[in-house]
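Pasting input07.cif here (mmCIF, C-alpha atoms):
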data_my_file
#
loop_
_atom_site.label_atom_id
_atom_site.label_comp_id
_atom_site.auth_asym_id
_atom_site.auth_seq_id
_atom_site.Cartn_x
_atom_site.Cartn_y
_atom_site.Cartn_z
CA MET A 11 101.95 35.58 -17.19
CA VAL A 12 104.49 34.27 -19.70
CA LEU A 13 107.11 31.77 -18.55
CA LYS A 14 110.71 32.20 -19.63
CA LYS A 15 112.45 29.35 -21.46
CA THR A 16 114.39 28.35 -18.34
CA ASN A 17 111.18 28.26 -16.29
CA TRP A 18 109.60 25.90 -18.84
CA LYS A 19 112.56 23.54 -18.41
CA TRP A 20 112.12 23.52 -14.62
CA LEU A 21 108.38 23.02 -14.99
CA ALA A 22 108.91 20.10 -17.39
CA LEU A 23 111.52 18.61 -15.07
CA GLY A 24 109.15 18.97 -12.10
CA VAL A 25 106.32 17.26 -13.99
CA PHE A 26 108.69 14.44 -14.96
CA PHE A 27 109.72 13.81 -11.34
CA VAL A 28 106.13 13.94 -10.10
CA ALA A 29 105.16 11.36 -12.74
CA LEU A 30 108.18 9.20 -11.90
CA GLY A 31 107.28 9.32 -8.21
CA ALA A 32 103.72 8.25 -8.99
CA VAL A 33 104.98 5.29 -11.03
CA ILE A 34 107.39 4.17 -8.32
CA SER A 35 104.87 4.52 -5.50
CA ASN A 36 102.26 2.52 -7.41
CA ARG A 37 104.60 -0.22 -8.59
CA PHE A 38 103.18 -2.89 -6.30
CA GLU A 39 99.77 -1.42 -5.51
CA GLY A 40 97.43 -3.64 -7.49
CA LYS A 41 99.47 -3.36 -10.68
CA MET A 42 101.47 -6.16 -12.19
CA LEU A 43 102.92 -6.41 -15.65
CA PRO A 44 103.96 -9.76 -17.09
CA SER A 45 107.45 -8.36 -17.73
CA GLU A 46 107.81 -7.63 -14.01
CA LEU A 47 107.07 -11.25 -13.24
CA LEU A 48 109.85 -12.38 -15.55
CA ARG A 49 112.47 -10.23 -13.85
CA GLY A 50 112.39 -11.93 -10.46
CA SER A 51 115.80 -10.66 -9.48
CA THR A 52 114.58 -7.05 -9.67
CA LEU A 53 111.64 -7.67 -7.35
CA PRO A 54 112.12 -7.00 -3.62
CA SER A 55 112.50 -9.93 -1.26
CA ALA A 56 109.68 -10.39 1.24
CA PRO A 57 110.84 -9.68 4.80
CA GLN A 58 111.16 -12.92 6.74
CA PHE A 59 109.15 -13.35 9.93
CA GLU A 60 108.14 -15.80 12.62
CA LEU A 61 104.71 -15.59 14.29
CA PRO A 62 102.53 -17.89 16.39
CA ASP A 63 99.37 -19.56 15.17
CA ALA A 64 96.42 -20.15 17.53
CA GLU A 65 98.04 -23.34 18.90
CA SER A 66 101.27 -21.41 19.67
CA HIS A 67 103.20 -23.13 16.87
CA LEU A 68 105.70 -20.74 15.33
CA VAL A 69 105.20 -20.23 11.61
CA ARG A 70 107.89 -18.74 9.39
CA LEU A 71 107.49 -17.27 5.92
CA GLU A 72 110.40 -19.43 4.78
CA ASN A 73 108.19 -22.48 5.53
CA PHE A 74 106.25 -21.58 2.37
CA GLN A 75 109.23 -21.40 0.00
CA GLY A 76 108.10 -22.87 -3.33
CA SER A 77 104.47 -21.81 -2.83
CA VAL A 78 102.72 -18.63 -3.84
CA VAL A 79 101.79 -16.72 -0.68
CA ILE A 80 98.96 -14.22 -0.33
CA LEU A 81 99.95 -12.37 2.85
CA HIS A 82 97.04 -10.41 4.29
CA PHE A 83 97.32 -7.88 7.16
CA TRP A 84 94.00 -7.21 8.91
CA ALA A 85 92.34 -6.58 12.29
CA SER A 86 88.94 -7.21 13.88
CA TRP A 87 88.65 -3.49 14.71
CA CYS A 88 89.01 -2.55 11.02
CA PRO A 89 85.55 -2.26 9.36
CA PRO A 90 86.86 -2.68 5.77
CA CYS A 91 88.72 -5.81 6.90
CA LEU A 92 85.54 -7.34 8.29
CA GLY A 93 83.75 -6.85 4.99
CA GLU A 94 86.36 -8.63 2.91
CA ILE A 95 87.32 -11.59 5.14
CA PRO A 96 84.54 -13.90 3.83
CA GLN A 97 85.68 -13.30 0.21
CA TRP A 98 89.31 -13.79 1.24
CA VAL A 99 88.42 -17.17 2.77
CA GLU A 100 86.54 -18.04 -0.43
CA LEU A 101 89.68 -17.18 -2.41
CA GLY A 102 91.44 -19.87 -0.37
CA THR A 103 88.81 -22.37 -1.45
CA TYR A 104 89.32 -21.35 -5.08
CA PHE A 105 93.06 -22.15 -4.87
CA LYS A 106 92.69 -25.30 -2.74
CA GLY A 107 94.90 -28.08 -4.06
CA LYS A 108 97.33 -25.64 -5.70
CA PRO A 109 100.66 -24.48 -4.22
CA VAL A 110 99.06 -21.32 -2.79
CA LYS A 111 99.09 -20.38 0.90
CA LEU A 112 96.81 -17.66 2.24
CA VAL A 113 98.36 -16.23 5.39
CA ALA A 114 96.24 -13.84 7.46
CA ILE A 115 98.19 -11.77 9.98
CA SER A 116 95.89 -10.25 12.57
CA GLN A 117 96.89 -7.02 14.29
CA ASP A 118 94.53 -7.81 17.19
CA GLU A 119 95.66 -7.89 20.80
CA SER A 120 94.44 -11.45 21.37
CA TRP A 121 93.34 -14.61 19.63
CA LYS A 122 89.90 -14.12 21.17
CA ASP A 123 89.34 -11.03 19.02
CA ALA A 124 90.87 -12.50 15.85
CA ASN A 125 89.00 -15.81 16.14
CA GLN A 126 85.64 -14.05 16.35
CA VAL A 127 86.14 -12.88 12.76
CA LEU A 128 88.38 -15.44 11.10
CA LEU A 129 86.80 -18.55 12.54
CA PRO A 130 89.22 -21.39 13.32
CA ARG A 131 86.91 -23.89 11.59
CA VAL A 132 87.59 -22.26 8.17
CA LEU A 133 91.36 -22.60 8.51
CA SER A 134 93.24 -25.39 6.78
CA SER A 135 96.71 -26.27 5.56
CA HIS A 136 96.44 -23.60 2.84
CA LEU A 137 94.64 -20.93 4.93
CA ILE A 138 96.68 -19.90 7.95
CA SER A 139 95.95 -17.36 10.68
CA LEU A 140 98.76 -15.72 12.66
CA LEU A 141 98.81 -13.06 15.38
CA ASP A 142 101.07 -9.99 15.32
CA ALA A 143 99.75 -8.03 18.33
CA PRO A 144 102.82 -5.78 18.64
CA GLY A 145 102.74 -5.06 14.89
CA LYS A 146 106.38 -5.98 14.30
CA VAL A 147 105.76 -7.86 11.05
CA SER A 148 103.44 -5.20 9.64
CA SER A 149 106.21 -2.68 10.38
CA LEU A 150 108.75 -4.86 8.53
CA TYR A 151 106.50 -4.68 5.47
CA GLY A 152 105.80 -0.96 5.88
CA THR A 153 102.12 -1.71 6.39
CA PHE A 154 100.24 0.97 8.24
CA GLN A 155 96.85 0.92 6.52
CA PHE A 156 94.61 -2.09 6.97
CA PRO A 157 93.76 -4.21 5.17
CA GLU A 158 96.89 -4.57 3.09
CA THR A 159 97.89 -7.64 1.10
CA TYR A 160 101.05 -8.86 -0.62
CA LEU A 161 101.38 -11.43 -3.37
CA ILE A 162 104.66 -13.26 -2.77
CA GLY A 163 106.13 -15.57 -5.38
CA PRO A 164 107.59 -19.01 -4.67
CA ASP A 165 111.05 -17.41 -4.63
CA GLN A 166 109.84 -15.24 -1.70
CA LYS A 167 109.87 -12.03 -3.77
CA ILE A 168 107.04 -9.50 -3.56
CA VAL A 169 105.23 -9.50 -6.89
CA MET A 170 102.25 -7.32 -6.08
CA LYS A 171 100.66 -5.27 -3.31
CA TRP A 172 97.04 -4.33 -2.69
CA VAL A 173 96.24 -1.46 -0.31
CA GLY A 174 92.77 -1.29 1.17
CA PRO A 175 89.85 -3.68 0.86
CA GLN A 176 89.61 -5.79 -2.28
CA ASP A 177 86.93 -7.76 -4.03
CA TRP A 178 88.67 -11.13 -3.68
CA SER A 179 86.17 -12.74 -6.05
CA ASN A 180 87.49 -10.41 -8.77
CA GLN A 181 88.76 -12.39 -11.76
CA GLU A 182 91.74 -10.04 -12.23
CA ILE A 183 93.08 -10.95 -8.78
CA ARG A 184 92.68 -14.65 -9.48
CA GLU A 185 94.40 -14.25 -12.85
CA ALA A 186 97.31 -12.42 -11.19
CA VAL A 187 97.81 -15.32 -8.79
CA ASN A 188 97.45 -17.82 -11.62
CA ARG A 189 100.14 -15.99 -13.64
CA VAL A 190 102.54 -16.35 -10.73
CA LEU A 191 101.58 -20.02 -10.47
CA LYS A 192 102.28 -20.54 -14.19
CA LEU A 193 105.74 -19.01 -13.79
CA THR A 194 106.30 -21.40 -10.89
CA ALA A 195 105.54 -24.38 -13.11
CA GLN A 196 108.00 -23.28 -15.81
#

Any chance you could give the structure as structure tokens?
Amino acid sequence: MVLKKTNWKWLALGVFFVALGAVISNRFEGKMLPSELLRGSTLPSAPQFELPDAESHLVRLENFQGSVVILHFWASWCPPCLGEIPQWVELGTYFKGKPVKLVAISQDESWKDANQVLLPRVLSSHLISLLDAPGKVSSLYGTFQFPETYLIGPDQKIVMKWVGPQDWSNQEIREAVNRVLKLTAQ
């Protein structure tokens, strides 16, 4: 079958839009270009939220303004989440003493379930556990697949997004966070 000239144009246009859609949908999924970091005004603002910690203190995202935030959605009933939590906690140790906050938002129904996985004894001022049983905050972020993680800059803009389980000991992830930290210092 031979395509007419006009059909080739439509085919080329279709391929262009499919490619454009792929680029847009992957913009924040584990990909970050240095030029994107420099254009903070073009990055989307992180949705603000307020959730309780295990002691019923309300924690707001705005409390972390000026810090890099690694916002992690997870649940105890999610097998991939269980596998990566120890590395995620270790990532917190790696950034201890730097203006980085690791915020774990559990989708569990109760603290009893969440605390069996993310043990309260590993939490600190830079590693925070919150509970979002109704899933309101995950809905604000458009998160429906767990685990899912957002890298939020000190200006509260979303810089990067990881969907699915990650190897949190991966040097590329640490370098991405360090690049955001360097921009913070400038």

Enumerate, as a PyMOL selection string, the residues matched when the PyMOL selection byres ((chain A and resi 88-93) around 10) is run on the file above.
-> chain A and resi 82-87+94-98+117-118+127-128+155-158+174-177

Selection dump of the PyMOL selection byres ((chain A and resi 161-173) around 6), as a tab-separated table (two decimals) with C-alpha atoms, in the coordinates of the input:
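Produced file part09.tsv, reproduced below:
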chain	number	residue	atom	x	y	z
A	38	PHE	CA	103.18	-2.89	-6.30
A	39	GLU	CA	99.77	-1.42	-5.51
A	40	GLY	CA	97.43	-3.64	-7.49
A	53	LEU	CA	111.64	-7.67	-7.35
A	54	PRO	CA	112.12	-7.00	-3.62
A	55	SER	CA	112.50	-9.93	-1.26
A	56	ALA	CA	109.68	-10.39	1.24
A	75	GLN	CA	109.23	-21.40	0.00
A	76	GLY	CA	108.10	-22.87	-3.33
A	77	SER	CA	104.47	-21.81	-2.83
A	78	VAL	CA	102.72	-18.63	-3.84
A	79	VAL	CA	101.79	-16.72	-0.68
A	80	ILE	CA	98.96	-14.22	-0.33
A	158	GLU	CA	96.89	-4.57	3.09
A	159	THR	CA	97.89	-7.64	1.10
A	160	TYR	CA	101.05	-8.86	-0.62
A	174	GLY	CA	92.77	-1.29	1.17

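Between atom CA of Asn73 of chain A and atom CA of Leu191 of chain A the interatomic distance comes to 17.5 Å.
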
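Residue nearest Asn188 of chain A, chosen from A:Leu129, A:Val110, A:Ile115, A:Ile138 and counting only C-alpha atoms: A:Val110.
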
Using the chain letters and numbers from the file, give me the residues hit by the PyMOL selection byres ((chain A and resi 69-71) around 9), as a ChimeraX atom specification.
-> /A:56-63,67-68,72-75,79,140,166

Could you please determine the separation between atom CA of Leu112 of chain A and atom CA of Leu81 of chain A in Å, to one decimal place?
-> 6.2 Å

Figure out the distance between atom CA of Glu65 of chain A and atom CA of Arg131 of chain A, please, to one decimal in Å.
-> 13.3 Å

Neighbourhood query: residues within 7 Å of (95.3, -14.3, 16.6), file coordinates, counting all atoms listed in the file; return as a PyMOL selection string.
-> chain A and resi 63-64+116+118+120-121+124-125+139-141
